[in-house]
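Peer 1: First the structure, which I've put down as C-alpha coordinates, then a few questions once you've had a look.
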Amino acid sequence: MPPKGFKKASAAPNKTLVLDNGAYSLKAGLVPHTSVNPGYDDCSVLPNCIARSHRDRCTYTSSELFDCKDFGELAFRRPVEKGFIVNWEAEKAIWEHEFMDDTAKEGLRCDPTETNLLLTERPNCPKQLQSNCDEIVFEQFEFAAYYRGVGSTFNAYHPWNVDSVSALPQECLMVIDTSYSDTTIMPIYSGRLVQAAIRRLTVGGKLLTNYLKELASLRHYNMMEETYLLNEIKEAVSFVAPSMQQFSKDLERTWKGRLGDKRILDSTIVVDYVLPDYERSIHGYARPHDPAKSRMRRGLQPLQGPREDLLPLGNERFAVPELLFNPSDIGIQEAGLHEAIMESLNELPDALKAGMLANVVVVGGNSLIPGFMERLENELRPLVPAQYILDMRRAEDPIKHTWLGAAQFASQPDLLQQVLVSKAEYDERGSTWLLKKFSGKD
(Lines give C-alpha, C1' and ligand atoms only; values in the text may rest on other atoms or scores of the structure.)
Protein backbone atom coordinates (compact mmCIF):
# COMPACT_ATOMS: atom_id res chain seq x y z
CA MET A 1 0.00 0.00 0.00
CA PRO A 2 1.19 3.57 -0.60
CA PRO A 3 2.44 5.43 2.49
CA LYS A 4 -0.14 7.37 4.49
CA GLY A 5 -0.71 10.96 3.53
CA PHE A 6 -0.39 10.53 -0.21
CA LYS A 7 -2.78 12.51 -2.38
CA LYS A 8 -3.49 12.10 -6.02
CA ALA A 9 -1.02 13.86 -8.26
CA SER A 10 -2.05 15.99 -11.20
CA ALA A 11 -2.71 14.43 -14.59
CA ALA A 12 0.28 12.40 -15.70
CA PRO A 13 1.50 10.88 -18.98
CA ASN A 14 -0.01 7.59 -20.04
CA LYS A 15 3.18 5.51 -19.77
CA THR A 16 5.62 4.73 -16.99
CA LEU A 17 9.24 3.64 -17.17
CA VAL A 18 9.49 0.92 -14.53
CA LEU A 19 13.14 0.54 -13.51
CA ASP A 20 14.48 -2.05 -11.09
CA ASN A 21 17.95 -0.57 -10.75
CA GLY A 22 20.05 -3.50 -9.54
CA ALA A 23 23.79 -3.54 -8.87
CA TYR A 24 24.49 -6.15 -11.57
CA SER A 25 21.72 -5.46 -14.06
CA LEU A 26 18.91 -3.06 -14.92
CA LYS A 27 15.45 -4.54 -15.31
CA ALA A 28 13.47 -2.04 -17.32
CA GLY A 29 10.31 -1.69 -19.37
CA LEU A 30 7.74 0.88 -20.43
CA VAL A 31 4.30 0.15 -18.99
CA PRO A 32 1.19 1.82 -20.46
CA HIS A 33 -1.63 2.80 -18.10
CA THR A 34 -4.07 0.16 -19.25
CA SER A 35 -5.82 -2.78 -17.69
CA VAL A 36 -3.65 -5.24 -19.65
CA ASN A 37 -1.40 -7.09 -17.23
CA PRO A 38 2.32 -6.79 -18.08
CA GLY A 39 4.44 -9.93 -18.28
CA TYR A 40 8.05 -11.03 -18.07
CA ASP A 41 8.44 -10.53 -21.82
CA ASP A 42 7.88 -6.79 -21.34
CA CYS A 43 11.05 -6.55 -19.24
CA SER A 44 14.55 -6.03 -20.67
CA VAL A 45 17.59 -7.05 -18.63
CA LEU A 46 20.64 -4.84 -19.26
CA PRO A 47 24.11 -4.79 -17.67
CA ASN A 48 24.37 -1.96 -15.14
CA CYS A 49 28.00 -1.16 -15.81
CA ILE A 50 30.54 0.57 -18.00
CA ALA A 51 33.31 -1.83 -19.02
CA ARG A 52 36.76 -0.94 -20.34
CA SER A 53 38.90 -3.49 -22.18
CA HIS A 54 42.66 -3.40 -21.57
CA ARG A 55 43.15 -5.34 -24.79
CA ASP A 56 41.28 -3.48 -27.52
CA ARG A 57 40.95 -0.22 -25.52
CA CYS A 58 37.22 -0.15 -26.19
CA THR A 59 34.62 1.09 -23.73
CA TYR A 60 31.27 -0.69 -23.49
CA THR A 61 28.26 1.00 -21.95
CA SER A 62 25.56 -1.33 -20.63
CA SER A 63 23.95 -3.23 -23.56
CA GLU A 64 27.02 -2.64 -25.77
CA LEU A 65 28.60 -5.41 -23.70
CA PHE A 66 26.39 -7.88 -25.61
CA ASP A 67 28.48 -7.12 -28.73
CA CYS A 68 31.85 -7.58 -27.01
CA LYS A 69 34.02 -10.35 -28.52
CA ASP A 70 36.87 -10.31 -26.02
CA PHE A 71 35.98 -10.40 -22.32
CA GLY A 72 39.58 -10.84 -21.17
CA GLU A 73 40.77 -8.39 -18.51
CA LEU A 74 37.66 -6.21 -18.61
CA ALA A 75 37.63 -3.49 -15.97
CA PHE A 76 34.11 -2.79 -14.70
CA ARG A 77 32.76 0.47 -13.37
CA ARG A 78 29.54 -0.17 -11.51
CA PRO A 79 27.46 2.77 -10.25
CA VAL A 80 25.76 0.70 -7.53
CA GLU A 81 27.55 -0.41 -4.36
CA LYS A 82 25.87 -2.47 -1.63
CA GLY A 83 22.59 -1.97 -3.45
CA PHE A 84 22.71 1.85 -3.47
CA ILE A 85 23.48 4.20 -6.37
CA VAL A 86 26.71 5.95 -5.38
CA ASN A 87 28.11 7.00 -8.78
CA TRP A 88 25.60 9.11 -10.63
CA GLU A 89 28.08 10.10 -13.34
CA ALA A 90 28.19 6.48 -14.52
CA GLU A 91 24.49 5.76 -13.85
CA LYS A 92 23.42 8.86 -15.77
CA ALA A 93 25.51 7.77 -18.78
CA ILE A 94 23.90 4.31 -18.67
CA TRP A 95 20.33 5.66 -18.40
CA GLU A 96 20.89 8.09 -21.26
CA HIS A 97 22.38 5.37 -23.44
CA GLU A 98 19.57 2.87 -22.78
CA PHE A 99 16.46 5.07 -22.54
CA MET A 100 17.01 8.42 -24.28
CA ASP A 101 19.71 8.38 -26.95
CA ASP A 102 19.31 7.16 -30.51
CA THR A 103 21.14 4.00 -29.38
CA ALA A 104 18.20 3.11 -27.10
CA LYS A 105 16.19 0.02 -27.91
CA GLU A 106 12.83 0.83 -29.51
CA GLY A 107 10.76 -0.59 -26.66
CA LEU A 108 12.70 1.39 -24.04
CA ARG A 109 13.28 4.77 -25.71
CA CYS A 110 11.32 7.55 -24.08
CA ASP A 111 11.15 11.30 -23.58
CA PRO A 112 11.49 11.88 -19.81
CA THR A 113 9.32 15.00 -19.94
CA GLU A 114 6.44 12.85 -21.21
CA THR A 115 7.08 9.78 -19.04
CA ASN A 116 6.57 8.79 -15.42
CA LEU A 117 9.38 6.98 -13.61
CA LEU A 118 8.87 4.22 -11.05
CA LEU A 119 12.27 3.47 -9.51
CA THR A 120 13.07 0.71 -7.03
CA GLU A 121 15.61 1.00 -4.23
CA ARG A 122 17.03 -1.18 -1.46
CA PRO A 123 15.69 -0.87 2.08
CA ASN A 124 17.40 1.52 4.51
CA CYS A 125 18.97 3.67 1.82
CA PRO A 126 20.85 6.66 3.36
CA LYS A 127 18.86 9.88 3.06
CA GLN A 128 21.67 11.74 1.29
CA LEU A 129 21.74 9.12 -1.47
CA GLN A 130 17.94 9.30 -1.76
CA SER A 131 18.11 13.08 -2.03
CA ASN A 132 20.80 12.86 -4.72
CA CYS A 133 18.62 10.42 -6.66
CA ASP A 134 15.55 12.66 -6.47
CA GLU A 135 17.51 15.69 -7.66
CA ILE A 136 18.98 13.81 -10.63
CA VAL A 137 15.57 12.46 -11.67
CA PHE A 138 13.81 15.82 -11.61
CA GLU A 139 16.54 18.39 -12.24
CA GLN A 140 18.68 16.63 -14.85
CA PHE A 141 16.39 14.09 -16.49
CA GLU A 142 13.22 16.13 -15.86
CA PHE A 143 10.81 13.20 -15.68
CA ALA A 144 7.17 14.29 -15.69
CA ALA A 145 6.39 12.45 -12.45
CA TYR A 146 8.22 10.03 -10.21
CA TYR A 147 7.90 7.49 -7.42
CA ARG A 148 10.74 5.81 -5.57
CA GLY A 149 9.89 2.74 -3.53
CA VAL A 150 11.59 -0.26 -1.93
CA GLY A 151 11.74 -2.91 -4.62
CA SER A 152 10.78 -5.88 -2.45
CA THR A 153 7.43 -4.32 -1.49
CA PHE A 154 6.27 -4.49 -5.11
CA ASN A 155 6.45 -8.28 -4.95
CA ALA A 156 3.27 -8.07 -2.87
CA TYR A 157 1.38 -6.78 -5.93
CA HIS A 158 1.71 -10.03 -7.80
CA PRO A 159 -1.81 -11.50 -7.96
CA TRP A 160 -2.54 -14.53 -5.77
CA ASN A 161 -3.71 -16.36 -8.87
CA VAL A 162 -4.06 -15.70 -12.57
CA ASP A 163 -7.75 -14.83 -12.23
CA SER A 164 -7.25 -12.27 -9.46
CA VAL A 165 -8.24 -8.69 -10.31
CA SER A 166 -7.63 -7.20 -6.86
CA ALA A 167 -5.46 -4.07 -6.71
CA LEU A 168 -4.63 -4.74 -3.04
CA PRO A 169 -1.25 -6.19 -2.08
CA GLN A 170 -0.89 -9.60 -0.50
CA GLU A 171 -1.36 -9.34 3.25
CA CYS A 172 1.65 -11.39 4.43
CA LEU A 173 4.72 -12.03 2.31
CA MET A 174 8.33 -12.80 3.15
CA VAL A 175 10.76 -11.94 0.37
CA ILE A 176 14.25 -13.44 0.35
CA ASP A 177 16.35 -11.48 -2.14
CA THR A 178 19.72 -13.12 -2.77
CA SER A 179 21.31 -10.95 -5.42
CA TYR A 180 24.61 -9.45 -6.54
CA SER A 181 25.32 -7.09 -3.64
CA ASP A 182 23.97 -9.03 -0.68
CA THR A 183 21.18 -11.25 0.59
CA THR A 184 18.24 -9.57 2.31
CA ILE A 185 15.28 -11.01 4.24
CA MET A 186 12.26 -8.72 4.15
CA PRO A 187 8.87 -9.45 5.77
CA ILE A 188 6.10 -7.42 4.15
CA TYR A 189 2.67 -6.79 5.69
CA SER A 190 -0.03 -5.26 3.46
CA GLY A 191 2.56 -3.84 1.11
CA ARG A 192 4.75 -2.32 3.85
CA LEU A 193 8.10 -3.50 5.15
CA VAL A 194 8.25 -4.65 8.76
CA GLN A 195 11.34 -2.57 9.46
CA ALA A 196 12.46 -4.24 12.70
CA ALA A 197 12.54 -7.67 11.06
CA ILE A 198 14.73 -6.85 8.04
CA ARG A 199 17.96 -8.83 7.99
CA ARG A 200 20.88 -8.31 5.59
CA LEU A 201 23.77 -10.69 4.89
CA THR A 202 26.91 -9.46 3.16
CA VAL A 203 27.16 -12.62 1.05
CA GLY A 204 25.89 -12.03 -2.48
CA GLY A 205 26.86 -12.87 -6.03
CA LYS A 206 29.75 -10.38 -6.05
CA LEU A 207 31.37 -11.94 -3.00
CA LEU A 208 30.94 -15.46 -4.41
CA THR A 209 32.61 -14.47 -7.68
CA ASN A 210 35.49 -12.78 -5.86
CA TYR A 211 36.00 -15.85 -3.68
CA LEU A 212 36.10 -18.09 -6.76
CA LYS A 213 38.67 -15.73 -8.31
CA GLU A 214 40.88 -16.10 -5.25
CA LEU A 215 40.61 -19.90 -5.20
CA ALA A 216 41.33 -20.23 -8.93
CA SER A 217 44.26 -17.82 -8.71
CA LEU A 218 45.72 -19.64 -5.72
CA ARG A 219 45.40 -23.13 -7.19
CA HIS A 220 45.77 -22.66 -10.95
CA TYR A 221 46.20 -19.43 -12.94
CA ASN A 222 46.30 -15.80 -11.88
CA MET A 223 42.72 -14.82 -12.66
CA MET A 224 42.23 -11.83 -10.38
CA GLU A 225 41.57 -9.56 -13.39
CA GLU A 226 39.13 -11.98 -15.05
CA THR A 227 35.95 -10.96 -13.26
CA TYR A 228 33.64 -11.57 -16.20
CA LEU A 229 35.06 -15.01 -16.94
CA LEU A 230 34.97 -16.19 -13.32
CA ASN A 231 31.38 -14.99 -12.96
CA GLU A 232 30.52 -16.98 -16.08
CA ILE A 233 32.26 -20.06 -14.65
CA LYS A 234 30.44 -19.65 -11.33
CA GLU A 235 27.07 -19.55 -13.06
CA ALA A 236 27.94 -22.55 -15.24
CA VAL A 237 29.31 -25.09 -12.74
CA SER A 238 28.33 -24.11 -9.18
CA PHE A 239 25.90 -26.16 -7.13
CA VAL A 240 24.77 -26.22 -3.50
CA ALA A 241 25.20 -29.41 -1.48
CA PRO A 242 21.82 -30.58 -0.13
CA SER A 243 23.09 -30.79 3.47
CA MET A 244 26.18 -30.27 5.63
CA GLN A 245 26.66 -34.03 5.75
CA GLN A 246 26.71 -34.25 1.95
CA PHE A 247 29.01 -31.23 1.83
CA SER A 248 31.55 -33.10 3.99
CA LYS A 249 31.26 -36.21 1.81
CA ASP A 250 31.78 -34.17 -1.37
CA LEU A 251 34.87 -32.55 0.15
CA GLU A 252 36.32 -36.01 0.76
CA ARG A 253 35.50 -37.15 -2.78
CA THR A 254 37.27 -34.14 -4.32
CA TRP A 255 40.39 -34.23 -2.11
CA LYS A 256 43.56 -34.97 -4.06
CA GLY A 257 45.28 -36.52 -1.06
CA ARG A 258 48.62 -35.74 0.54
CA LEU A 259 51.95 -35.68 -1.21
CA GLY A 260 52.91 -39.28 -1.92
CA ASP A 261 49.35 -40.46 -1.31
CA LYS A 262 47.50 -39.16 -4.36
CA ARG A 263 43.86 -40.08 -4.78
CA ILE A 264 41.66 -40.49 -7.83
CA LEU A 265 39.20 -37.63 -7.97
CA ASP A 266 35.49 -38.29 -8.29
CA SER A 267 34.70 -37.41 -11.91
CA THR A 268 31.00 -36.99 -11.08
CA ILE A 269 31.95 -33.80 -9.22
CA VAL A 270 35.26 -32.62 -10.66
CA VAL A 271 35.01 -30.98 -14.09
CA ASP A 272 37.48 -29.39 -16.48
CA TYR A 273 36.44 -25.94 -17.63
CA VAL A 274 37.81 -25.18 -21.09
CA LEU A 275 38.79 -21.52 -21.02
CA PRO A 276 37.94 -19.34 -24.04
CA ASP A 277 40.82 -17.95 -26.08
CA TYR A 278 38.69 -15.06 -27.49
CA GLU A 279 39.86 -15.92 -30.97
CA ARG A 280 38.09 -19.17 -31.84
CA SER A 281 35.71 -19.04 -28.88
CA ILE A 282 34.11 -16.28 -26.81
CA HIS A 283 32.69 -18.48 -24.06
CA GLY A 284 34.14 -21.48 -22.27
CA TYR A 285 32.41 -24.71 -21.33
CA ALA A 286 32.66 -27.51 -18.76
CA ARG A 287 33.31 -31.15 -19.54
CA PRO A 288 34.04 -34.30 -17.47
CA HIS A 289 37.41 -34.31 -15.76
CA ASP A 290 40.26 -35.97 -17.68
CA PRO A 291 43.38 -36.35 -15.48
CA ALA A 292 45.68 -36.76 -18.48
CA LYS A 293 44.54 -33.58 -20.19
CA SER A 294 44.41 -31.56 -17.00
CA ARG A 295 48.13 -32.22 -16.49
CA MET A 296 48.94 -30.53 -19.77
CA ARG A 297 49.87 -26.97 -18.88
CA ARG A 298 50.56 -23.99 -21.07
CA GLY A 299 53.80 -24.57 -22.99
CA LEU A 300 53.58 -28.37 -22.76
CA GLN A 301 50.90 -28.67 -25.41
CA PRO A 302 51.66 -29.46 -29.06
CA LEU A 303 52.80 -26.53 -31.16
CA GLN A 304 50.43 -27.50 -33.96
CA GLY A 305 46.71 -28.13 -33.74
CA PRO A 306 44.21 -26.76 -31.27
CA ARG A 307 45.47 -25.74 -27.83
CA GLU A 308 43.39 -25.83 -24.69
CA ASP A 309 43.74 -24.09 -21.37
CA LEU A 310 41.88 -26.08 -18.73
CA LEU A 311 40.72 -24.99 -15.30
CA PRO A 312 40.03 -28.08 -13.16
CA LEU A 313 37.23 -27.39 -10.67
CA GLY A 314 36.52 -29.70 -7.76
CA ASN A 315 35.40 -28.52 -4.35
CA GLU A 316 35.25 -24.95 -5.69
CA ARG A 317 31.97 -25.91 -7.33
CA PHE A 318 30.13 -26.31 -4.02
CA ALA A 319 32.44 -24.61 -1.49
CA VAL A 320 31.80 -21.17 -3.03
CA PRO A 321 27.94 -21.13 -2.84
CA GLU A 322 28.20 -22.79 0.61
CA LEU A 323 29.05 -19.31 1.93
CA LEU A 324 25.37 -18.43 1.67
CA PHE A 325 24.69 -20.91 4.45
CA ASN A 326 28.03 -20.82 6.29
CA PRO A 327 29.72 -17.42 5.82
CA SER A 328 32.03 -18.26 8.73
CA ASP A 329 33.92 -20.58 6.34
CA ILE A 330 35.90 -17.52 5.24
CA GLY A 331 35.75 -15.65 8.54
CA ILE A 332 32.57 -13.60 8.03
CA GLN A 333 31.00 -13.45 11.48
CA GLU A 334 27.37 -13.62 10.39
CA ALA A 335 24.54 -16.10 10.61
CA GLY A 336 23.79 -18.29 7.61
CA LEU A 337 20.76 -17.59 5.45
CA HIS A 338 18.45 -20.05 7.26
CA GLU A 339 19.48 -18.69 10.66
CA ALA A 340 18.96 -15.09 9.54
CA ILE A 341 15.46 -15.98 8.34
CA MET A 342 14.61 -17.33 11.80
CA GLU A 343 16.07 -14.20 13.42
CA SER A 344 13.79 -12.12 11.23
CA LEU A 345 10.72 -14.24 12.04
CA ASN A 346 11.42 -14.03 15.77
CA GLU A 347 10.92 -10.26 15.57
CA LEU A 348 7.31 -10.80 14.47
CA PRO A 349 4.22 -11.62 16.53
CA ASP A 350 3.02 -15.23 16.25
CA ALA A 351 0.07 -14.37 14.01
CA LEU A 352 2.29 -12.63 11.49
CA LYS A 353 4.94 -15.33 11.75
CA ALA A 354 2.47 -17.97 10.62
CA GLY A 355 1.36 -15.83 7.67
CA MET A 356 4.92 -15.11 6.57
CA LEU A 357 6.01 -18.76 6.68
CA ALA A 358 3.03 -19.72 4.55
CA ASN A 359 4.07 -17.28 1.81
CA VAL A 360 7.85 -17.16 1.27
CA VAL A 361 9.13 -16.05 -2.14
CA VAL A 362 12.79 -16.26 -3.14
CA VAL A 363 14.12 -13.86 -5.79
CA GLY A 364 17.57 -12.90 -7.05
CA GLY A 365 20.15 -14.55 -9.26
CA ASN A 366 21.77 -16.72 -6.58
CA SER A 367 18.51 -18.66 -6.20
CA LEU A 368 19.19 -20.10 -9.68
CA ILE A 369 22.22 -22.04 -8.43
CA PRO A 370 21.26 -25.74 -8.65
CA GLY A 371 20.40 -27.17 -5.24
CA PHE A 372 19.86 -23.78 -3.58
CA MET A 373 16.14 -24.14 -2.92
CA GLU A 374 16.46 -27.75 -1.76
CA ARG A 375 19.21 -26.82 0.70
CA LEU A 376 17.35 -23.79 2.02
CA GLU A 377 14.25 -25.84 2.70
CA ASN A 378 16.30 -28.65 4.27
CA GLU A 379 17.98 -26.19 6.62
CA LEU A 380 14.87 -24.17 7.43
CA ARG A 381 12.28 -26.88 8.00
CA PRO A 382 13.84 -28.30 11.22
CA LEU A 383 14.00 -24.76 12.65
CA VAL A 384 10.33 -23.97 12.00
CA PRO A 385 7.95 -25.01 14.82
CA ALA A 386 5.77 -27.97 13.87
CA GLN A 387 2.51 -25.99 14.17
CA TYR A 388 3.51 -23.68 11.29
CA ILE A 389 3.12 -24.40 7.58
CA LEU A 390 6.21 -23.66 5.51
CA ASP A 391 5.39 -22.79 1.92
CA MET A 392 8.51 -21.55 0.15
CA ARG A 393 8.95 -21.15 -3.59
CA ARG A 394 11.31 -19.57 -6.03
CA ALA A 395 9.77 -16.98 -8.32
CA GLU A 396 9.06 -18.14 -11.86
CA ASP A 397 11.74 -15.70 -13.04
CA PRO A 398 13.74 -14.60 -9.98
CA ILE A 399 15.61 -11.95 -11.98
CA LYS A 400 12.53 -10.15 -13.31
CA HIS A 401 10.04 -10.92 -10.53
CA THR A 402 10.47 -7.65 -8.62
CA TRP A 403 10.22 -5.66 -11.85
CA LEU A 404 7.00 -7.45 -12.76
CA GLY A 405 5.48 -6.65 -9.36
CA ALA A 406 6.35 -2.98 -9.88
CA ALA A 407 4.92 -3.15 -13.42
CA GLN A 408 1.67 -4.64 -12.05
CA PHE A 409 1.51 -1.68 -9.68
CA ALA A 410 2.24 0.84 -12.45
CA SER A 411 -0.41 -0.63 -14.75
CA GLN A 412 -3.14 0.36 -12.28
CA PRO A 413 -3.68 4.12 -12.70
CA ASP A 414 -5.65 4.54 -9.48
CA LEU A 415 -2.78 3.10 -7.42
CA LEU A 416 -0.06 4.88 -9.35
CA GLN A 417 -1.64 8.32 -9.18
CA GLN A 418 -1.82 8.09 -5.39
CA VAL A 419 1.97 7.92 -5.08
CA LEU A 420 3.36 9.86 -8.06
CA VAL A 421 4.94 13.24 -7.43
CA SER A 422 5.00 15.61 -10.37
CA LYS A 423 7.93 17.81 -11.30
CA ALA A 424 5.83 20.88 -10.59
CA GLU A 425 5.26 19.69 -7.01
CA TYR A 426 8.97 19.01 -6.60
CA ASP A 427 9.90 22.44 -7.95
CA GLU A 428 7.46 24.05 -5.54
CA ARG A 429 8.27 22.11 -2.37
CA GLY A 430 11.83 20.83 -2.78
CA SER A 431 13.83 17.69 -2.03
CA THR A 432 13.37 17.72 1.75
CA TRP A 433 9.60 17.55 1.35
CA LEU A 434 9.98 14.76 -1.21
CA LEU A 435 12.09 12.68 1.18
CA LYS A 436 9.32 12.92 3.79
CA LYS A 437 6.68 12.20 1.17
CA PHE A 438 8.28 8.96 -0.01
CA SER A 439 8.96 7.85 3.56
CA GLY A 440 5.27 8.33 4.46
CA LYS A 441 5.95 11.11 6.99
CA ASP A 442 4.24 13.90 5.08
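Going through the C-alpha coordinates in order, the chains are called A, B, and so on, while each chain numbers its residues from 1 and the ligands are numbered from 1 in the order shown.
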Counting only C-alpha atoms, what is within 12 Å of range 123-131 of chain A, bar same-chain residues fewer than 3 positions away, as a PyMOL selection string?

Peer 2: chain A and resi 80-88+119-120+134-139+147-153+177+182-188+192-200+426+430-439

Peer 1: So that I can check the surroundings of range 214-229 of chain A, please list as an MDAnalysis selection string every protein, DNA and RNA residue that reaches within 9 Å of it, counting only C-alpha atoms and ignoring chain neighbours fewer than 5 positions away.

Peer 2: chainID A and resid 71:76 209 234 275:276 283:284 311:313 316

Peer 1: Counting only C-alpha atoms, give me one row per residue of range 260-372 of chain A with an atom at most 6 Å from an atom of range 394-402 of chain A, showing the shortest contact pair and its distance in Å to one decimal, sorted by chain then residue number, as JSON lines.

Peer 2:
{"residue": "A:Val361", "atom": "CA", "partner": "A:Arg394", "partner_atom": "CA", "distance": 5.7}
{"residue": "A:Val362", "atom": "CA", "partner": "A:Arg394", "partner_atom": "CA", "distance": 4.6}
{"residue": "A:Val363", "atom": "CA", "partner": "A:Pro398", "partner_atom": "CA", "distance": 4.3}
{"residue": "A:Gly364", "atom": "CA", "partner": "A:Pro398", "partner_atom": "CA", "distance": 5.1}
{"residue": "A:Gly365", "atom": "CA", "partner": "A:Ile399", "partner_atom": "CA", "distance": 5.9}

Peer 1: Please identify the strand (DSSP E or B) residues within range 221-433 of chain A (assignment by DSSP from backbone atoms) and present them as number ranges by chain.

Peer 2: A: 271-274, 285-288, 310-313, 360-363, 392-394, 421-422

Peer 1: Under the rule that only C-alpha atoms are counted, which of A:Asn132, A:Leu17, A:Cys58, A:Leu357 is the nearest residue to Phe99 in chain A?

Peer 2: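 So, comparing all the options, the nearest one is A:Leu17.
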
Peer 1: Could you tell me, as number ranges by chain, which residues of range 154-226 of chain A DSSP assigns to alpha helix (DSSP H) when given the backbone?

Peer 2: A: 205-219

Peer 1: Deliver the residues from the most recent selection as a file, using all heavy atoms, as a CSV table (one decimal), in the first residue's frame.

Peer 2:
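again-v8.csv was written with the following content:
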chain,number,residue,atom,x,y,z
A,205,GLY,N,26.2,-12.4,-4.8
A,205,GLY,CA,26.9,-12.9,-6.0
A,205,GLY,C,28.2,-12.3,-6.2
A,205,GLY,O,29.2,-13.0,-6.7
A,206,LYS,N,28.4,-11.0,-5.9
A,206,LYS,CA,29.7,-10.4,-6.0
A,206,LYS,C,30.8,-11.1,-5.2
A,206,LYS,O,31.9,-11.4,-5.6
A,206,LYS,CB,29.6,-8.9,-5.7
A,206,LYS,CG,30.9,-8.1,-5.8
A,206,LYS,CD,30.7,-6.7,-5.5
A,206,LYS,CE,32.0,-5.9,-5.6
A,206,LYS,NZ,31.8,-4.5,-5.2
A,207,LEU,N,30.4,-11.3,-3.9
A,207,LEU,CA,31.4,-11.9,-3.0
A,207,LEU,C,31.7,-13.4,-3.5
A,207,LEU,O,32.9,-13.8,-3.4
A,207,LEU,CB,30.8,-11.9,-1.6
A,207,LEU,CG,31.7,-12.4,-0.5
A,207,LEU,CD1,31.5,-11.6,0.8
A,207,LEU,CD2,31.6,-13.9,-0.2
A,208,LEU,N,30.7,-14.1,-3.9
A,208,LEU,CA,30.9,-15.5,-4.4
A,208,LEU,C,31.9,-15.5,-5.6
A,208,LEU,O,32.8,-16.3,-5.7
A,208,LEU,CB,29.6,-16.1,-4.8
A,208,LEU,CG,28.6,-16.3,-3.7
A,208,LEU,CD1,27.4,-17.0,-4.2
A,208,LEU,CD2,29.1,-17.0,-2.5
A,209,THR,N,31.7,-14.5,-6.5
A,209,THR,CA,32.6,-14.5,-7.7
A,209,THR,C,34.0,-14.1,-7.2
A,209,THR,O,35.0,-14.7,-7.7
A,209,THR,CB,32.1,-13.4,-8.7
A,209,THR,OG1,30.8,-13.8,-9.2
A,209,THR,CG2,33.0,-13.3,-9.9
A,210,ASN,N,34.2,-13.2,-6.3
A,210,ASN,CA,35.5,-12.8,-5.9
A,210,ASN,C,36.2,-13.9,-5.1
A,210,ASN,O,37.4,-14.1,-5.2
A,210,ASN,CB,35.4,-11.6,-4.9
A,210,ASN,CG,35.1,-10.3,-5.7
A,210,ASN,OD1,35.3,-10.2,-6.9
A,210,ASN,ND2,34.6,-9.3,-5.0
A,211,TYR,N,35.4,-14.7,-4.4
A,211,TYR,CA,36.0,-15.9,-3.7
A,211,TYR,C,36.5,-16.9,-4.7
A,211,TYR,O,37.6,-17.5,-4.5
A,211,TYR,CB,35.0,-16.4,-2.7
A,211,TYR,CG,35.5,-17.6,-1.9
A,211,TYR,CD1,36.7,-17.5,-1.2
A,211,TYR,CD2,34.7,-18.8,-1.7
A,211,TYR,CE1,37.2,-18.6,-0.5
A,211,TYR,CE2,35.2,-19.8,-0.9
A,211,TYR,CZ,36.4,-19.7,-0.3
A,211,TYR,OH,36.9,-20.7,0.5
A,212,LEU,N,35.7,-17.1,-5.7
A,212,LEU,CA,36.1,-18.1,-6.8
A,212,LEU,C,37.4,-17.6,-7.5
A,212,LEU,O,38.3,-18.4,-7.8
A,212,LEU,CB,35.0,-18.3,-7.8
A,212,LEU,CG,35.2,-19.3,-8.9
A,212,LEU,CD1,35.6,-20.7,-8.3
A,212,LEU,CD2,34.0,-19.4,-9.8
A,213,LYS,N,37.5,-16.3,-7.7
A,213,LYS,CA,38.7,-15.7,-8.3
A,213,LYS,C,39.9,-16.0,-7.5
A,213,LYS,O,41.0,-16.4,-8.0
A,213,LYS,CB,38.5,-14.2,-8.5
A,213,LYS,CG,37.7,-13.8,-9.7
A,213,LYS,CD,38.0,-12.3,-10.0
A,213,LYS,CE,37.6,-11.4,-8.9
A,213,LYS,NZ,37.8,-10.0,-9.3
A,214,GLU,N,39.7,-15.9,-6.1
A,214,GLU,CA,40.9,-16.1,-5.2
A,214,GLU,C,41.3,-17.6,-5.2
A,214,GLU,O,42.5,-17.9,-5.3
A,214,GLU,CB,40.5,-15.6,-3.8
A,214,GLU,CG,40.4,-14.1,-3.7
A,214,GLU,CD,40.0,-13.7,-2.3
A,214,GLU,OE1,39.9,-14.6,-1.4
A,214,GLU,OE2,39.7,-12.5,-2.1
A,215,LEU,N,40.3,-18.5,-5.2
A,215,LEU,CA,40.6,-19.9,-5.2
A,215,LEU,C,41.3,-20.3,-6.5
A,215,LEU,O,42.3,-21.1,-6.5
A,215,LEU,CB,39.3,-20.7,-5.0
A,215,LEU,CG,38.7,-20.6,-3.6
A,215,LEU,CD1,37.4,-21.5,-3.6
A,215,LEU,CD2,39.6,-21.1,-2.5
A,216,ALA,N,40.8,-19.9,-7.6
A,216,ALA,CA,41.3,-20.2,-8.9
A,216,ALA,C,42.7,-19.7,-9.1
A,216,ALA,O,43.6,-20.3,-9.6
A,216,ALA,CB,40.4,-19.7,-10.1
A,217,SER,N,42.9,-18.4,-8.6
A,217,SER,CA,44.3,-17.8,-8.7
A,217,SER,C,45.3,-18.5,-7.8
A,217,SER,O,46.5,-18.6,-8.1
A,217,SER,CB,44.2,-16.3,-8.4
A,217,SER,OG,43.3,-15.7,-9.3
A,218,LEU,N,44.8,-19.0,-6.7
A,218,LEU,CA,45.7,-19.6,-5.7
A,218,LEU,C,46.1,-21.0,-6.2
A,218,LEU,O,47.3,-21.4,-6.1
A,218,LEU,CB,45.0,-19.7,-4.4
A,218,LEU,CG,45.8,-20.5,-3.2
A,218,LEU,CD1,47.0,-19.7,-2.9
A,218,LEU,CD2,44.9,-20.7,-2.0
A,219,ARG,N,45.2,-21.7,-6.8
A,219,ARG,CA,45.4,-23.1,-7.2
A,219,ARG,C,45.8,-23.3,-8.6
A,219,ARG,O,46.4,-24.4,-9.0
A,219,ARG,CB,44.1,-23.9,-6.9
A,219,ARG,CG,43.7,-23.9,-5.5
A,219,ARG,CD,42.3,-24.5,-5.3
A,219,ARG,NE,41.9,-24.5,-3.9
A,219,ARG,CZ,40.8,-25.0,-3.4
A,219,ARG,NH1,39.9,-25.6,-4.3
A,219,ARG,NH2,40.5,-24.9,-2.2

Peer 1: Could you tell me how far CA of Met244 in chain A sits from CA of Asn378 in chain A, in Å to one decimal place?

Peer 2: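 Taking CA of Asn378 in chain A and CA of Met244 in chain A, their separation equals 10.1 Å.
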
Peer 1: Counting only C-alpha atoms, which of A:Val203, A:Gly191, A:Lys69, A:Asp101 gets nearest to Gly331 in chain A?

Peer 2: A:Val203

Peer 1: Please list as a list in words every residue within 9 Å of Lys27 in chain A, counting only C-alpha atoms and excluding residues in the same chain fewer than 3 positions away.

Peer 2: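 Near neighbours after the sequence-gap exclusion: Val18, Leu19, Asp20, Asn21, Gly22, Cys43, Ser44, Val45, Leu46, Pro47, Ile399, Lys400, Thr402 and Trp403 of chain A.
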